[in-house]
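Next comes input_4.pdb, with PDB, C-alpha atoms and all ligand atoms.
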ATOM      1  CA  MET M 248      81.071  66.665 100.954
ATOM      2  CA  SER M 249      79.289  64.251  98.589
ATOM      3  CA  ARG M 250      80.689  63.802  95.103
ATOM      4  CA  GLN M 251      77.437  65.047  93.531
ATOM      5  CA  MET M 252      77.478  68.223  95.600
ATOM      6  CA  SER M 253      81.093  69.002  94.869
ATOM      7  CA  SER M 254      80.560  68.604  91.122
ATOM      8  CA  LEU M 255      77.560  70.937  91.310
ATOM      9  CA  LEU M 256      79.735  73.447  93.089
ATOM     10  CA  ALA M 257      82.376  73.021  90.425
ATOM     11  CA  ILE M 258      79.792  73.784  87.714
ATOM     12  CA  ALA M 259      78.590  76.805  89.676
ATOM     13  CA  ALA M 260      82.156  78.040  90.008
ATOM     14  CA  VAL M 261      82.710  77.679  86.248
ATOM     15  CA  CYS M 262      79.525  79.642  85.549
ATOM     16  CA  VAL M 263      80.531  82.411  87.927
ATOM     17  CA  THR M 264      83.963  82.611  86.353
ATOM     18  CA  LEU M 265      82.854  82.538  82.744
ATOM     19  CA  THR M 266      79.547  84.349  82.551
ATOM     20  CA  PRO M 267      80.391  87.948  83.467
ATOM     21  CA  ALA M 268      83.702  88.075  81.608
ATOM     22  CA  PRO M 269      82.462  88.495  77.990
ATOM     23  CA  ALA M 270      79.915  91.137  79.029
ATOM     24  CA  PHE M 271      82.597  93.090  80.896
ATOM     25  CA  ALA M 272      85.072  92.777  78.031
ATOM     26  CA  ALA M 273      82.475  94.046  75.574
ATOM     27  CA  GLN M 274      81.896  97.176  77.651
ATOM     28  CA  THR M 275      85.476  98.090  78.425
ATOM     29  CA  PRO M 276      88.048  96.785  75.991
ATOM     30  CA  LYS M 277      91.183  96.465  78.104
ATOM     31  CA  LYS M 278      94.517  97.383  76.637
ATOM     32  CA  ALA M 279      97.863  96.453  78.096
ATOM     33  CA  PRO M 280      98.991  99.269  80.415
ATOM     34  CA  VAL M 281     101.720 101.535  79.086
ATOM     35  CA  ASP M 282     105.064 101.207  80.883
ATOM     36  CA  CYS M 283     106.742 104.611  80.681
ATOM     37  CA  GLU M 284     110.124 103.110  81.565
ATOM     38  CA  GLN M 285     109.910 101.032  78.379
ATOM     39  CA  VAL M 286     108.123 103.300  75.899
ATOM     40  CA  LYS M 287     108.174 106.996  75.086
ATOM     41  CA  CYS M 288     105.532 108.710  77.240
ATOM     42  CA  ILE M 289     104.477 112.314  77.505
ATOM     43  CA  ALA M 290     101.887 113.993  79.749
ATOM     44  CA  LEU M 291      99.899 116.933  78.440
ATOM     45  CA  THR M 292      98.549 118.893  81.422
ATOM     46  CA  PHE M 293      95.831 121.536  81.247
ATOM     47  CA  ASP M 294      95.635 124.144  84.011
ATOM     48  CA  ASP M 295      93.025 126.509  85.442
ATOM     49  CA  GLY M 296      89.972 124.655  84.150
ATOM     50  CA  PRO M 297      87.708 123.189  83.339
ATOM     51  CA  GLY M 298      87.976 125.920  80.738
ATOM     52  CA  LYS M 299      85.426 127.022  78.199
ATOM     53  CA  TYR M 300      86.765 124.652  75.547
ATOM     54  CA  ALA M 301      87.084 121.555  77.731
ATOM     55  CA  GLY M 302      84.242 119.776  75.898
ATOM     56  CA  THR M 303      85.905 120.142  72.492
ATOM     57  CA  LEU M 304      89.235 119.071  73.970
ATOM     58  CA  LEU M 305      87.664 115.970  75.525
ATOM     59  CA  ASP M 306      86.121 115.074  72.136
ATOM     60  CA  THR M 307      89.566 115.308  70.503
ATOM     61  CA  LEU M 308      91.291 113.279  73.220
ATOM     62  CA  LYS M 309      88.636 110.604  72.870
ATOM     63  CA  LYS M 310      88.915 110.520  69.087
ATOM     64  CA  TYR M 311      92.682 109.966  69.232
ATOM     65  CA  ASP M 312      92.589 107.725  72.309
ATOM     66  CA  ALA M 313      94.881 110.062  74.229
ATOM     67  CA  LYS M 314      94.913 110.642  77.992
ATOM     68  CA  ALA M 315      95.583 113.974  79.672
ATOM     69  CA  THR M 316      95.713 115.549  83.116
ATOM     70  CA  PHE M 317      93.625 118.506  84.232
ATOM     71  CA  PHE M 318      94.794 120.634  87.165
ATOM     72  CA  LEU M 319      91.456 122.125  88.093
ATOM     73  CA  GLU M 320      90.439 125.311  89.833
ATOM     74  CA  GLY M 321      87.666 124.657  92.330
ATOM     75  CA  GLN M 322      85.658 127.703  91.275
ATOM     76  CA  TYR M 323      85.349 126.323  87.733
ATOM     77  CA  VAL M 324      84.711 122.785  88.927
ATOM     78  CA  LYS M 325      81.747 124.291  90.723
ATOM     79  CA  SER M 326      80.475 126.119  87.625
ATOM     80  CA  ARG M 327      81.272 123.358  85.069
ATOM     81  CA  PRO M 328      80.927 120.073  86.977
ATOM     82  CA  ALA M 329      79.788 118.047  83.939
ATOM     83  CA  TYR M 330      83.203 118.421  82.285
ATOM     84  CA  VAL M 331      84.919 117.118  85.412
ATOM     85  CA  LYS M 332      82.623 114.121  85.555
ATOM     86  CA  ARG M 333      83.412 113.411  81.919
ATOM     87  CA  MET M 334      87.192 113.793  82.440
ATOM     88  CA  VAL M 335      87.159 111.111  85.107
ATOM     89  CA  ALA M 336      84.726 108.851  83.229
ATOM     90  CA  GLU M 337      86.945 108.976  80.128
ATOM     91  CA  GLY M 338      90.132 108.001  81.973
ATOM     92  CA  HIS M 339      91.837 111.351  82.381
ATOM     93  CA  GLU M 340      93.485 112.440  85.605
ATOM     94  CA  VAL M 341      92.263 115.380  87.653
ATOM     95  CA  GLY M 342      94.557 117.308  89.996
ATOM     96  CA  ASN M 343      94.074 120.174  92.437
ATOM     97  CA  HIS M 344      95.145 123.670  91.314
ATOM     98  CA  SER M 345      93.553 125.646  94.199
ATOM     99  CA  TYR M 346      90.073 127.157  94.323
ATOM    100  CA  SER M 347      90.717 130.705  93.080
ATOM    101  CA  HIS M 348      94.410 130.721  92.038
ATOM    102  CA  PRO M 349      96.195 132.802  94.685
ATOM    103  CA  ASP M 350      99.997 132.659  94.985
ATOM    104  CA  PHE M 351     100.378 130.150  97.834
ATOM    105  CA  THR M 352     103.798 131.560  98.773
ATOM    106  CA  LYS M 353     102.055 134.842  99.636
ATOM    107  CA  SER M 354      99.087 133.223 101.424
ATOM    108  CA  GLU M 355      98.335 132.372 105.045
ATOM    109  CA  ALA M 356      98.314 128.685 105.963
ATOM    110  CA  ALA M 357      94.568 128.802 106.645
ATOM    111  CA  THR M 358      93.909 130.216 103.170
ATOM    112  CA  ILE M 359      96.042 127.568 101.462
ATOM    113  CA  LYS M 360      94.285 124.787 103.355
ATOM    114  CA  SER M 361      90.841 126.086 102.523
ATOM    115  CA  GLU M 362      91.775 126.628  98.843
ATOM    116  CA  ILE M 363      92.884 122.994  98.613
ATOM    117  CA  GLN M 364      90.029 121.522 100.649
ATOM    118  CA  LYS M 365      87.274 123.399  98.802
ATOM    119  CA  THR M 366      88.624 122.140  95.487
ATOM    120  CA  GLN M 367      88.857 118.553  96.773
ATOM    121  CA  ASP M 368      85.226 118.861  97.863
ATOM    122  CA  GLU M 369      84.012 120.250  94.532
ATOM    123  CA  VAL M 370      85.797 117.549  92.513
ATOM    124  CA  LYS M 371      84.398 114.864  94.811
ATOM    125  CA  LYS M 372      80.926 116.297  94.345
ATOM    126  CA  ALA M 373      81.296 116.516  90.554
ATOM    127  CA  ALA M 374      83.046 113.240  89.769
ATOM    128  CA  GLY M 375      83.099 111.101  92.917
ATOM    129  CA  VAL M 376      86.897 111.102  93.235
ATOM    130  CA  GLU M 377      89.446 113.269  95.036
ATOM    131  CA  PRO M 378      92.580 114.587  93.324
ATOM    132  CA  LYS M 379      95.818 112.972  94.510
ATOM    133  CA  LEU M 380      98.186 115.601  93.127
ATOM    134  CA  LEU M 381      98.586 119.315  93.771
ATOM    135  CA  ARG M 382      99.889 121.867  91.303
ATOM    136  CA  PRO M 383     100.195 125.144  93.236
ATOM    137  CA  PRO M 384      99.115 128.247  91.272
ATOM    138  CA  TYR M 385     101.945 129.686  89.132
ATOM    139  CA  GLY M 386     103.997 126.634  90.157
ATOM    140  CA  MET M 387     104.948 128.602  93.265
ATOM    141  CA  ALA M 388     105.692 126.641  96.429
ATOM    142  CA  ASP M 389     107.749 126.945  99.587
ATOM    143  CA  LEU M 390     108.205 124.850 102.714
ATOM    144  CA  GLN M 391     104.869 125.946 104.177
ATOM    145  CA  VAL M 392     103.082 124.888 100.972
ATOM    146  CA  SER M 393     105.000 121.611 100.990
ATOM    147  CA  ASP M 394     103.996 120.910 104.615
ATOM    148  CA  ILE M 395     100.345 121.599 103.828
ATOM    149  CA  ALA M 396     100.476 119.413 100.697
ATOM    150  CA  ALA M 397     101.900 116.671 102.915
ATOM    151  CA  GLU M 398      98.980 117.087 105.346
ATOM    152  CA  PHE M 399      96.643 116.463 102.414
ATOM    153  CA  GLY M 400      98.725 113.442 101.386
ATOM    154  CA  MET M 401      99.609 115.016  98.052
ATOM    155  CA  PRO M 402     102.861 115.400  96.147
ATOM    156  CA  MET M 403     103.188 118.583  94.088
ATOM    157  CA  VAL M 404     103.658 118.237  90.340
ATOM    158  CA  LEU M 405     104.914 121.118  88.207
ATOM    159  CA  TRP M 406     105.996 120.762  84.551
ATOM    160  CA  THR M 407     109.157 120.046  82.586
ATOM    161  CA  ALA M 408     108.245 122.664  79.953
ATOM    162  CA  GLY M 409     105.487 125.006  78.890
ATOM    163  CA  SER M 410     103.626 125.317  75.590
ATOM    164  CA  GLU M 411     103.487 129.091  76.215
ATOM    165  CA  ASP M 412      99.966 128.945  74.812
ATOM    166  CA  TRP M 413      98.697 131.657  77.200
ATOM    167  CA  LYS M 414     101.354 133.981  75.781
ATOM    168  CA  THR M 415     101.290 133.311  72.022
ATOM    169  CA  LYS M 416      97.635 132.301  71.558
ATOM    170  CA  ASP M 417      98.579 131.072  68.107
ATOM    171  CA  VAL M 418      97.969 127.527  66.851
ATOM    172  CA  LYS M 419     101.246 127.219  64.907
ATOM    173  CA  ALA M 420     103.355 128.790  67.675
ATOM    174  CA  ILE M 421     101.823 126.520  70.324
ATOM    175  CA  GLN M 422     102.543 123.427  68.225
ATOM    176  CA  LYS M 423     106.078 124.527  67.410
ATOM    177  CA  GLN M 424     106.912 125.267  71.058
ATOM    178  CA  THR M 425     105.329 122.041  72.334
ATOM    179  CA  LEU M 426     107.199 119.893  69.798
ATOM    180  CA  ALA M 427     110.450 121.720  70.575
ATOM    181  CA  VAL M 428     110.209 120.906  74.306
ATOM    182  CA  ALA M 429     108.621 117.447  74.000
ATOM    183  CA  GLN M 430     110.785 114.755  75.554
ATOM    184  CA  GLN M 431     110.422 111.293  77.017
ATOM    185  CA  ASN M 432     108.422 111.495  80.262
ATOM    186  CA  GLY M 433     107.975 115.217  79.720
ATOM    187  CA  ILE M 434     105.176 117.096  81.488
ATOM    188  CA  ILE M 435     103.827 119.887  79.292
ATOM    189  CA  LEU M 436     101.927 122.884  80.661
ATOM    190  CA  MET M 437      98.911 123.924  78.567
ATOM    191  CA  HIS M 438      95.504 125.549  79.184
ATOM    192  CA  ASP M 439      92.053 124.462  78.069
ATOM    193  CA  TRP M 440      90.836 128.072  78.262
ATOM    194  CA  VAL M 441      93.134 128.960  75.328
ATOM    195  CA  LYS M 442      91.041 128.375  72.207
ATOM    196  CA  GLN M 443      94.085 128.009  69.933
ATOM    197  CA  THR M 444      95.442 125.192  72.111
ATOM    198  CA  VAL M 445      92.228 123.256  71.722
ATOM    199  CA  ASP M 446      91.924 124.107  67.988
ATOM    200  CA  GLY M 447      95.426 122.803  67.283
ATOM    201  CA  MET M 448      95.146 119.688  69.416
ATOM    202  CA  PRO M 449      94.152 117.162  66.696
ATOM    203  CA  SER M 450      97.210 117.946  64.617
ATOM    204  CA  LEU M 451      99.500 118.160  67.666
ATOM    205  CA  ILE M 452      98.367 114.753  68.926
ATOM    206  CA  LYS M 453      98.867 113.212  65.478
ATOM    207  CA  THR M 454     102.391 114.635  65.253
ATOM    208  CA  LEU M 455     103.332 113.482  68.768
ATOM    209  CA  LYS M 456     102.023 109.985  67.994
ATOM    210  CA  ASN M 457     103.990 109.917  64.741
ATOM    211  CA  LYS M 458     107.076 110.707  66.787
ATOM    212  CA  GLY M 459     106.372 107.632  68.892
ATOM    213  CA  TYR M 460     104.870 109.274  71.976
ATOM    214  CA  HIS M 461     102.198 107.657  74.119
ATOM    215  CA  LEU M 462      99.953 110.347  75.585
ATOM    216  CA  VAL M 463      99.375 109.347  79.189
ATOM    217  CA  THR M 464      98.346 110.853  82.524
ATOM    218  CA  VAL M 465     100.929 112.606  84.658
ATOM    219  CA  SER M 466     100.766 109.839  87.275
ATOM    220  CA  GLU M 467     102.021 107.370  84.638
ATOM    221  CA  VAL M 468     104.974 109.608  83.840
ATOM    222  CA  ILE M 469     105.976 110.200  87.498
ATOM    223  CA  LYS M 470     105.381 106.623  88.665
ATOM    224  CA  LYS M 471     109.102 105.839  88.712
ATOM    225  CA  GLU M 472     109.794 108.862  90.980
ATOM    226  CA  ASN M 473     107.868 107.317  93.904
ATOM    227  CA  LEU M 474     106.934 110.768  95.214
ATOM    228  CA  GLU M 475     105.935 111.152  98.853
ATOM    229  CA  PRO M 476     103.278 113.620 100.043
ATOM    230  CA  GLY M 477     104.820 117.115 100.140
ATOM    231  CA  ASP M 478     107.503 116.232  97.552
ATOM    232  CA  ILE M 479     107.784 118.426  94.474
ATOM    233  CA  TYR M 480     108.569 117.287  90.916
ATOM    234  CA  PRO M 481     110.425 118.390  88.897
ATOM    235  CA  VAL M 482     112.459 119.905  91.738
ATOM    236  CA  PRO M 483     112.745 123.656  91.035
ATOM    237  CA  ALA M 484     116.163 125.332  91.028
ATOM    238  CA  GLY M 485     117.095 126.443  94.547
ATOM    239  CA  TRP M 486     114.535 124.148  96.215
ATOM    240  CA  GLU M 487     115.738 122.810  99.546
ATOM    241  CA  LYS M 488     113.962 120.626 101.993
TER     242      LYS M 488
HETATM  243 ZN    ZN T 501      97.256 128.217  86.884
END

Please go through the file and, once you have read it, give me the structure as structure tokens.
Ligand SMILES: [Zn+2]
Amino acid sequence: MSRQMSSLLAIAAVCVTLTPAPAFAAQTPKKAPVDCEQVKCIALTFDDGPGKYAGTLLDTLKKYDAKATFFLEGQYVKSRPAYVKRMVAEGHEVGNHSYSHPDFTKSEAATIKSEIQKTQDEVKKAAGVEPKLLRPPYGMADLQVSDIAAEFGMPMVLWTAGSEDWKTKDVKAIQKQTLAVAQQNGIILMHDWVKQTVDGMPSLIKTLKNKGYHLVTVSEVIKKENLEPGDIYPVPAGWEK
């Protein structure tokens, strides 16, 4: 190769390297990823949605730069696809929580498979991605459910504690319960169809941040567990495989 040609190529290479970088950086400011083995992480997870108040919740999460995980029901993904698209676009995680919320431990294999597949399809249609985690309805699983989750390549993720929001439906009670059970790498069960959960979220996020928590997706929190498809976490009492 002639010297002139190689220096032209060198200039071209510099241009290719330098030009797109500032434009990209301006669009998506990159932050250092959070390492949940080093810092205090917590995963807020919202089940059964997208619920009626998902839009307000997404606004709050965006305002406070917090990430969450949504275990979605296919039937609501179908009726509220725009929320699901927004969840994914704004860096939240979406998981599969069945299509119509039957107890999988009382369901036929064919029903379980179709409940999972239909939800995968609806999420794909709404947001262009497929969930990688399964949360069986009511957190109920058995070996048949585990085998089917494995066929779909998905681990099952339950929760370390609940906010009991569906039971109390009271802003103060939800905050008190959530703060009482918050712990490092905790996975908190909440619902975006409970108005009081969404109403109290700004103050709850502020308090959690003041306590040093990083609000991250559930996959960040479980990374260190290296779950295989069909595994369940946290392992429920009496679970044998
Ligand atoms: Zn549920």

List all protein, DNA and RNA residues that have any atom at most 12 Å from ligand ZN 501 (chain T), counting all atoms listed in the file, and write the list as a PyMOL selection string.
chain M and resi 292-298+317-321+342-351+381-387+405-406+409+413+436-440

In the coordinates of the file, take the point (100.7, 130.2, 74.1) and a cut-off of 12 Å; then, counting all atoms listed in the file, name each qualifying protein, DNA or RNA residue as a ChimeraX atom specification.
/M:409-425,435-445,447

Just how far from CA of Lys309 (chain M) is CA of Lys287 (chain M), in Å to one decimal?
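Interatomic distance, CA of Lys287 (chain M) to CA of Lys309 (chain M): 20.0 Å.
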
For a quick check of your reading of the model, name the residues lying within 12 Å of the coordinate (98.1, 112.3, 73.2), counting only C-alpha atoms, and write them as a VMD selection string.
chain M and resid 287 to 292 304 to 305 307 to 316 339 429 434 to 435 448 to 465

Using only C-alpha atoms, can you tell me which of M:Lys372, M:Gln430, M:Ala388, M:Met403 comes closest to Ser326 (chain M)?
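Nearest to Ser326 (chain M): M:Lys372.
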
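Proximity to Lys332 (chain M) was assessed for M:Glu355, M:Glu284, M:Glu362, M:Glu377 counting all atoms listed in the file; the smallest distance is recorded for M:Glu377.
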